[in-house]
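Worksheet: the structure to be examined is printed underneath.
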Amino acid sequence: MATKKVSAKKKKQKDVSRHIRTFWKLFAGFILFIVLFFLLASWGAFGSLPDETSLENPEKNLATEIISSDGNTIGKFYKENRTPVPYSVLPDHLVNALIATEDVRFYDHSGIDGKGTIRAIAFLGSRGGASTISQQLAKLFFTEQVSRNKFQRGLQKVKEWVIATRLERRYTKEEIITMYFNEYDFVNQAVGIESAAHIYFDKPPSELNTVESATLVGMFKNASLYNPIRNPVGVTNRRNVVLSQMEKYDFISESVMDSLKATPLEIKFTPQGHDEGSATYFREYARHFMEDWIRENPKSDGSRYNIYEDGLKVYVTIDSKMQEYAEEAVEKHISHLQETFDDQNKNNKTAPFRGITEAETKKILNSAMRKSDRWRIMEKQGKEEEEIIASFKKKVPMRIFSWKGDIDTIMTPMDSIRHHKSFLQAAMMSMTPQTGEVKAWVGGIDYKHYKYDMVKKGRRQIGSTFKPFVYATAIDQMHMSPCDTLPNTLYTIPEGRHHLLKPWTPRNSGNRYGGMVTLKHALANSINTITARLIDRVGPEPVIDLIKKMGINTEKIPPAPSIALGTADISVYEMVGAYSTFANHGVYVEPILIQRIEDKNGTVLYQNVPKTKDVISEETAYVTVSLMEGVTQSGTGTRLRGTWATGSPLYKKAVTGYPYDFKNPIAGKTGTSQNNSDGWFMGMVPNLVTGVWVGGDDRATHFASTAYGQGATMALPIWGMYMKSCYADETLNVSTGNFERPENLSIETDCEKWREKNKDVEEIPDEFDF
C-alpha cells in the first residue's frame with residue numbers, strides 16, 4: 001500500500017515537471033516566435049519599411065512660405081499646409097500637455113511602453129491605449145491608413161513598434177516630440193503646430209498660452225471629432241481633460257487647473273486658404289512669379305522645384321503692417337462709398353450701369369456670362385450653347401458677396417453676375433521710391449469673388465494724374481518755374497499740328513476761365529487749358545518718351561495732344577513706379593516685390609538686383625514735385641489738410657476718415673476720367689509713393705456726377721486713412737519731412753522770391769510761343 005502511494009507521488013512529480021518543461025518550452029517558443037515575428041517585420045516580410053535614409057530624412061510635403069519684410073508669414077503655397085518649427089519654439093506647457101495626456105512615461109521608455117502595453121492587453125484597451133508618442137509618430141510618418149481588418153491592423157501595429165524603436169535609436173526625445181508636433185494634421189488646412197497655432201489662435205507656437213496649448217493637444221485624440229470650428233463644446237471638454245492630466249502629473253497646480261477650466265474657449269479662426277488671409281492679390285502675383293522662376297531655374301539634377309512641396313522660403317518686400325493698413329483703408333472707404341452709390345441707383349433702370357441702353361446693358365452681362373467659370377466648365381463638359389445659356393436663367397443655391405459678409409441665397413447665375421458688377425472696385429500700391437520695394441498691394445475688394453488684379457493687370461483711364469508728366473517735360477525743355485504764369489483762356493490746337501485731323505479745344509471743368517495763373521495753381525486745380533498749351537509747345541512724342549523711360553507701357557498710347565488730359569489707360573503698378581521717379585531725384589527704379597528665394601535648408605537660390613535708370617534731371621524732378629505739393633496746399637487735394645473745396649457739403653457723406661489734418665509736405669495729384677468712371681489719387685512723401693484707383697468692373701458703372709465720381713472723393717480718402725495709420729505706427733518711419741532740395745537749384749520754386757526777381761517782367765517770353 002505504501003509502495004503504491006510513493007509510486008503515485010513520483011508519477012505526480014514527473015507530470016508536474018513535464019508540465020513545467022512544456023510550459024517553458026511553449027513560453028520559449030512564444031518568445032522565439034515574437035522575436036522572429038518582429039525580425040520578419042523588420043526585414044519587410046509583412047510589407048516594406050522605410051530604410052535608414054528615410055528615417056533620417058522623412059519625406060514631407062512642405063509648404064512654401066511668403067515672408068514679409070518685417071518677418072511675418074503672410075501666405076503659403078501648399079498641398080499640405082506644413083511649416084516645420086524647431087523644438088526651441090515649443091513652449092514648456094505645450095510639451096508638458098502632450099506628455100501628460102499622450103505618454104507620461106515618454107522619457108523612460110525606448111519607443112514601446114511595456115507597462116502600458118500589458119495594461120492595454122489585460123483590460124482589452126478599456127483603460128487606455130498603449131501607443132507611445134514614438135509609435136504615433138511612426139504611424140504618421142511611415143504607415144498607410146489604418147486598416148479595418150484586425151489581422152492587417154495587427155501587422156501594422158507590429159511595424160509601428162519596429163519603426164518606433166528605430167526612431168528612438170536615431171533621434172533624441174526632443175526631436176521626436178518636435179517631429180510629432182510638426183507632422184500632425186489639426187484639420188482646417190492646419191498641418192503641424194505652426195499652422196495650427198496661426199489658424200486657430202492667430203499667433204506663432206511660441207506665444208501659445210497653457211489653455212491654447214491644452215486645446216491643440218486635445219485634438220491629438222481625434223482632430224476631426226475635436227474640431228474647434230464644428231465642435232466647440234467637445235473641444236472645451238477635451239481641453240479640460242488635458243488640463244486635468246497636467247494637474248494629475250504635477251505640471252500645474254489644482255488651483256491653476258480650476259481657473260483654466262473656467263476659461264471660455266476662445267478661438268480666433270484665421271484661415272490660410274489661397275482665397276483668404278492677407279495680401280491675397282499679391283500672393284497670386286508671387287505664385288505666378290515663382291512658376292516662371294521655376295521654369296527657368298531647375299535644380300542641379302535637372303528637375304524642377306515644386307512650390308507646393310519643397311518648403312521654399314520667398315522673402316518679399318511687402319510690409320505686413322502696411323499691407324494691413326492698406327486693406328483696412330480700402331475696405332472702410334469702399335464699403336462706405338458703396339452705400340452712396342447704391343442710393344443713387346435706386347431708380348436707375350439699367351443699374352449698376354449708367355448712361356447706356358438696355359441693349360448695351362445686356363451686351364455687358366452676356367459678355368461676362370461667357371467669361372464666367374460656369375460657362376467654361378459646362379463648355380468643357382461638352383454642353384451645347386443653348387443649354388449653357390438656359391442654365392444661367394435657373395435659380396440655384398449660391399454664395400454672393402456683400403460688405404457685411406458672404407450671403408447664402410438662391411438666385412440665377414445671371415442675376416449673380418449683375419449683383420457682383422454693382423460693387424465698386426479699388427486697387428492700391430505703395431512703394432519706397434529709393435529702393436523700388438513695394439510695401440503694400442491691394443488688387444481688389446475681395447479675392448474670393450473678384451480674382452482680377454487691378455494693380456498690375458488692370459489698365460484704366462488715368463485722367464489728370466497724367467498731367468505731371470506733361471509739366472515735367474515742359475520744365476525739362478523750357479526750364480519753367482512753378483511760378484511762371486499763363487493765360488487761363490480757351491486754347492485751340494489747330495488742325496494738322498501734332499497730326500490732328502481737326503482742331504482740338506479742351507474745356508475746363510465747370511467752364512471756368514479768365515486771368516493769368518501760375519503753373520502751380522494750374523496743376524493744383526487741374527486746369528485743362530494750361531495743360532493743352534504745354535503739350536502743344538513740347539509735343540506729345542517727348543511726353544510719351546518720358547513715361548516710357550519711367551516704366552509705362554506706351555504701345556497703345558497714341559502721340560495725340562489729348563493724352564495730356566489722361567485719356568490713356570495705365571495700371572496702378574506703372575503709375576506708382578513712374579511717380580516714384582519724381583520722388584527719387586529723377587531716377588526710375590523698377591518696382592521690386594520678390595527680394596530673395598531660399599530652399600528649405602536656407603540656401604539662397606535667387607537674389608533680386610535692382611534695375612535703375614536715369615530719366616530726368618534732379619532739378620526737373622524736384623520742380624515737378626514742388627508743383628504737385630500745390631495740389632494738397634491749395635488745390636483738389638486740400639482736404640488732406642483738413643479743408644474742403646467749394647461745394648464739398650454735397651459729397652462729405654461719401655468720404656471716410658476726414659479730417660486727416662496732415663501738416664507735413666505732401667505732393668500728389670487727383671485724377672477723374674470721362675463720365676466719372678475712374679477716380680485716382682497719387683500721393684507722395686519723400687520715402688513713400690502710393691497710388692489709389694477706384695471704379696467699377698465696367699466703365700459704365702459710375703456715379704451720376706463729378707461731385708461723387710471725382711478722384712478726390714473716390715480715391716483720396718483711402719490714401720488719407722492709409723497714411724494716418726502709417727504715421728501712427730512709428731516703427732514704419734514714414735517720412736514727415738521735406739523733399740530734398742538739390743544743391744545749386746537754378747529754377748526758383750518759391751513764388752514770392754520768383755516775383756521779386758521777375759517784378760519787371762510784364763509778359764510771357766516770346767520763346768514760349770503759347
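If you're wondering about the labels, chains in the C-alpha cells are A, B, ... by order shown, residues count from 1 in each chain, ligands from 1 in order shown.
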Using DSSP assignments from the backbone, pull out every residue in region 74-317 of chain A that falls under strand (DSSP E) and give it to me as an MDAnalysis selection string. chainID A and resid 74:77 313:316
Store the residues picked out above, limited to N, CA, C and O atoms, as a short mmCIF file (atom, residue, chain, number, x, y, z; two decimals), in the first residue's frame.
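Output contents, as saved in selection37.cif:
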data_model
loop_
_atom_site.label_atom_id
_atom_site.label_comp_id
_atom_site.auth_asym_id
_atom_site.auth_seq_id
_atom_site.Cartn_x
_atom_site.Cartn_y
_atom_site.Cartn_z
N ILE A 74 3.00 85.84 -44.53
CA ILE A 74 1.73 86.41 -44.98
C ILE A 74 0.99 85.48 -45.93
O ILE A 74 -0.13 85.79 -46.34
N GLY A 75 1.57 84.35 -46.25
CA GLY A 75 0.89 83.41 -47.11
C GLY A 75 1.74 82.19 -47.36
O GLY A 75 2.94 82.17 -47.07
N LYS A 76 1.11 81.14 -47.90
CA LYS A 76 1.80 79.89 -48.19
C LYS A 76 1.24 79.29 -49.48
O LYS A 76 0.10 79.53 -49.85
N PHE A 77 2.08 78.49 -50.12
CA PHE A 77 1.65 77.65 -51.22
C PHE A 77 1.85 76.21 -50.76
O PHE A 77 2.96 75.85 -50.34
N LYS A 313 11.35 79.27 -49.16
CA LYS A 313 11.03 80.50 -48.43
C LYS A 313 11.20 81.68 -49.39
O LYS A 313 12.28 81.88 -49.93
N VAL A 314 10.11 82.40 -49.60
CA VAL A 314 10.11 83.53 -50.53
C VAL A 314 10.04 84.81 -49.70
O VAL A 314 9.01 85.12 -49.10
N TYR A 315 11.14 85.54 -49.67
CA TYR A 315 11.21 86.77 -48.90
C TYR A 315 10.79 87.94 -49.80
O TYR A 315 11.40 88.17 -50.85
N VAL A 316 9.73 88.63 -49.40
CA VAL A 316 9.15 89.67 -50.24
C VAL A 316 9.29 91.04 -49.58
O VAL A 316 9.62 91.16 -48.39
#
As JSON, numbers by chain, please: the residues near region 506-509 of chain A (cut-off 9 Å, only C-alpha atoms, same-chain neighbours under 3 positions excluded). {"A": [490, 491, 492, 512, 513, 526, 527, 528, 529, 532, 562, 565]}
Rounded to one decimal in Å, what is the spacing between CA of Tyr727 (chain A) and CA of Met428 (chain A)? 17.7 Å
Neighbouring residues of region 81-94 of chain A were defined as those with any atom within 9 Å, considering only C-alpha atoms; residues of the same chain fewer than 3 positions away were excluded. Please report them as a PyMOL selection string. chain A and resi 60-65+76-78+97-99+174-175+177-179+181-183+185+189-195+204-210+212-214+216-217+246+251-252+272+308+311
Counting only C-alpha atoms, the option among A:Thr567, A:Ile364, A:Ile407, A:Arg376 closest to Thr701 (chain A): A:Ile364
Kindly indicate which residue among A:Leu732, A:Leu519, A:Ala560, A:Leu534 lies nearest to Gly630 (chain A), using only C-alpha atoms for the distances. A:Leu519
Calculate how many Å separate CA of Gly602 (chain A) from CA of Tyr281 (chain A), rounding to one decimal. 26.3 Å
When DSSP works through the backbone of this structure, what residues of region 247-375 of chain A end up as helix (DSSP H, G or I), shown as a PyMOL selection string? chain A and resi 247-248+254-261+280-296+320-344+358-370+373-375
For each of A:Thr473, A:Tyr180, A:Gly586, A:Ala654, take the minimum atom-to-atom distance to Gln338 (chain A), counting only C-alpha atoms, then give the residue where this is smallest. A:Ala654
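Taking CA of Tyr450 (chain A) as the reference point, CA of Gln425 (chain A) is found at 9.1 Å.
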Quick one: residues within 12 Å of Pro494 (chain A), only C-alpha atoms counted, chain neighbours fewer than 2 positions away excluded, as a ChimeraX atom specification? /A:491-492,496-506,532-533,536,561
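For the choices A:Ser746, A:Ser430, A:Ser131, A:Thr22, the atom-to-atom distance to Glu327 (chain A) is smallest for A:Ser430 when using only C-alpha atoms.
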So which residues touch Leu365 (chain A) within 8 Å, counting only C-alpha atoms, skipping near sequence neighbours fewer than 4 positions away, as a PyMOL selection string? chain A and resi 361+369+414+417-418
Quick one: everything within 12 Å of Gly405 (chain A), counting only C-alpha atoms, minus sequence neighbours fewer than 5 positions away in the same chain. Send it as number ranges by chain. A: 335, 399-400, 446, 448-449
Find, counting only C-alpha atoms, the residue in A:Lys439, A:Val211, A:Arg239, A:Gln461 that gets nearest to Glu324 (chain A). A:Lys439
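For Gly657 (chain A), the non-local neighbours within 12 Å, defined as residues at least 6 positions apart in the same chain or in other chains and counting only C-alpha atoms, are Glu328, Ala329, Val330, Lys332, His333, Ile334, His336, Leu337, Arg639, Leu640, Gly642, Thr713, Leu716, Pro717, Ile718, Trp719, Gly720, Met721, Tyr722, Met723, Lys724 and Ser725 of chain A.
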Residue selection dump (N, CA and C atoms) as a PDB file, in the first residue's frame:
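Printed below is out.pdb as written:
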ATOM      1  N   GLU A 328      -7.321  97.690 -44.727  1.00  0.00           N
ATOM      2  CA  GLU A 328      -8.320  98.309 -43.853  1.00  0.00           C
ATOM      3  C   GLU A 328      -8.863  99.589 -44.474  1.00  0.00           C
ATOM      4  N   ALA A 329      -7.981 100.409 -45.052  1.00  0.00           N
ATOM      5  CA  ALA A 329      -8.414 101.670 -45.653  1.00  0.00           C
ATOM      6  C   ALA A 329      -9.332 101.428 -46.844  1.00  0.00           C
ATOM      7  N   VAL A 330      -8.966 100.453 -47.690  1.00  0.00           N
ATOM      8  CA  VAL A 330      -9.803 100.134 -48.853  1.00  0.00           C
ATOM      9  C   VAL A 330     -11.176  99.647 -48.396  1.00  0.00           C
ATOM     10  N   LYS A 332     -12.760 100.035 -45.504  1.00  0.00           N
ATOM     11  CA  LYS A 332     -13.542 101.029 -44.779  1.00  0.00           C
ATOM     12  C   LYS A 332     -14.160 102.054 -45.719  1.00  0.00           C
ATOM     13  N   HIS A 333     -13.365 102.576 -46.661  1.00  0.00           N
ATOM     14  CA  HIS A 333     -13.886 103.623 -47.544  1.00  0.00           C
ATOM     15  C   HIS A 333     -14.828 103.078 -48.608  1.00  0.00           C
ATOM     16  N   ILE A 334     -14.426 101.980 -49.264  1.00  0.00           N
ATOM     17  CA  ILE A 334     -15.249 101.483 -50.372  1.00  0.00           C
ATOM     18  C   ILE A 334     -16.584 100.957 -49.864  1.00  0.00           C
ATOM     19  N   HIS A 336     -18.195 102.101 -47.398  1.00  0.00           N
ATOM     20  CA  HIS A 336     -18.971 103.312 -47.093  1.00  0.00           C
ATOM     21  C   HIS A 336     -19.432 103.990 -48.384  1.00  0.00           C
ATOM     22  N   LEU A 337     -18.533 104.106 -49.352  1.00  0.00           N
ATOM     23  CA  LEU A 337     -18.856 104.740 -50.629  1.00  0.00           C
ATOM     24  C   LEU A 337     -19.926 103.951 -51.374  1.00  0.00           C
ATOM     25  N   ARG A 639      -8.261 118.699 -48.887  1.00  0.00           N
ATOM     26  CA  ARG A 639      -8.944 118.059 -47.758  1.00  0.00           C
ATOM     27  C   ARG A 639      -7.985 117.222 -46.929  1.00  0.00           C
ATOM     28  N   LEU A 640      -6.812 116.861 -47.495  1.00  0.00           N
ATOM     29  CA  LEU A 640      -5.803 116.175 -46.685  1.00  0.00           C
ATOM     30  C   LEU A 640      -5.287 117.080 -45.567  1.00  0.00           C
ATOM     31  N   GLY A 642      -7.366 119.099 -44.036  1.00  0.00           N
ATOM     32  CA  GLY A 642      -8.488 119.361 -43.144  1.00  0.00           C
ATOM     33  C   GLY A 642      -9.400 120.444 -43.652  1.00  0.00           C
ATOM     34  N   THR A 713     -12.892 112.351 -54.176  1.00  0.00           N
ATOM     35  CA  THR A 713     -13.928 111.720 -53.356  1.00  0.00           C
ATOM     36  C   THR A 713     -13.786 110.208 -53.336  1.00  0.00           C
ATOM     37  N   LEU A 716      -8.926 109.535 -52.935  1.00  0.00           N
ATOM     38  CA  LEU A 716      -8.108 110.247 -51.940  1.00  0.00           C
ATOM     39  C   LEU A 716      -8.354 109.796 -50.504  1.00  0.00           C
ATOM     40  N   PRO A 717      -9.603 109.546 -50.075  1.00  0.00           N
ATOM     41  CA  PRO A 717      -9.807 109.129 -48.682  1.00  0.00           C
ATOM     42  C   PRO A 717      -9.079 107.839 -48.316  1.00  0.00           C
ATOM     43  N   ILE A 718      -8.908 106.932 -49.264  1.00  0.00           N
ATOM     44  CA  ILE A 718      -8.170 105.706 -48.980  1.00  0.00           C
ATOM     45  C   ILE A 718      -6.715 106.036 -48.661  1.00  0.00           C
ATOM     46  N   TRP A 719      -6.141 106.926 -49.460  1.00  0.00           N
ATOM     47  CA  TRP A 719      -4.761 107.353 -49.209  1.00  0.00           C
ATOM     48  C   TRP A 719      -4.659 108.021 -47.844  1.00  0.00           C
ATOM     49  N   GLY A 720      -5.626 108.884 -47.528  1.00  0.00           N
ATOM     50  CA  GLY A 720      -5.594 109.599 -46.258  1.00  0.00           C
ATOM     51  C   GLY A 720      -5.647 108.669 -45.061  1.00  0.00           C
ATOM     52  N   MET A 721      -6.562 107.694 -45.086  1.00  0.00           N
ATOM     53  CA  MET A 721      -6.680 106.766 -43.960  1.00  0.00           C
ATOM     54  C   MET A 721      -5.454 105.862 -43.849  1.00  0.00           C
ATOM     55  N   TYR A 722      -4.955 105.426 -44.989  1.00  0.00           N
ATOM     56  CA  TYR A 722      -3.765 104.569 -45.004  1.00  0.00           C
ATOM     57  C   TYR A 722      -2.570 105.308 -44.394  1.00  0.00           C
ATOM     58  N   MET A 723      -2.377 106.554 -44.798  1.00  0.00           N
ATOM     59  CA  MET A 723      -1.234 107.308 -44.295  1.00  0.00           C
ATOM     60  C   MET A 723      -1.392 107.664 -42.814  1.00  0.00           C
ATOM     61  N   LYS A 724      -2.602 107.894 -42.373  1.00  0.00           N
ATOM     62  CA  LYS A 724      -2.824 108.147 -40.944  1.00  0.00           C
ATOM     63  C   LYS A 724      -2.395 106.938 -40.123  1.00  0.00           C
ATOM     64  N   SER A 725      -2.717 105.760 -40.604  1.00  0.00           N
ATOM     65  CA  SER A 725      -2.323 104.537 -39.905  1.00  0.00           C
ATOM     66  C   SER A 725      -0.815 104.350 -39.939  1.00  0.00           C
TER      67      SER A 725
END
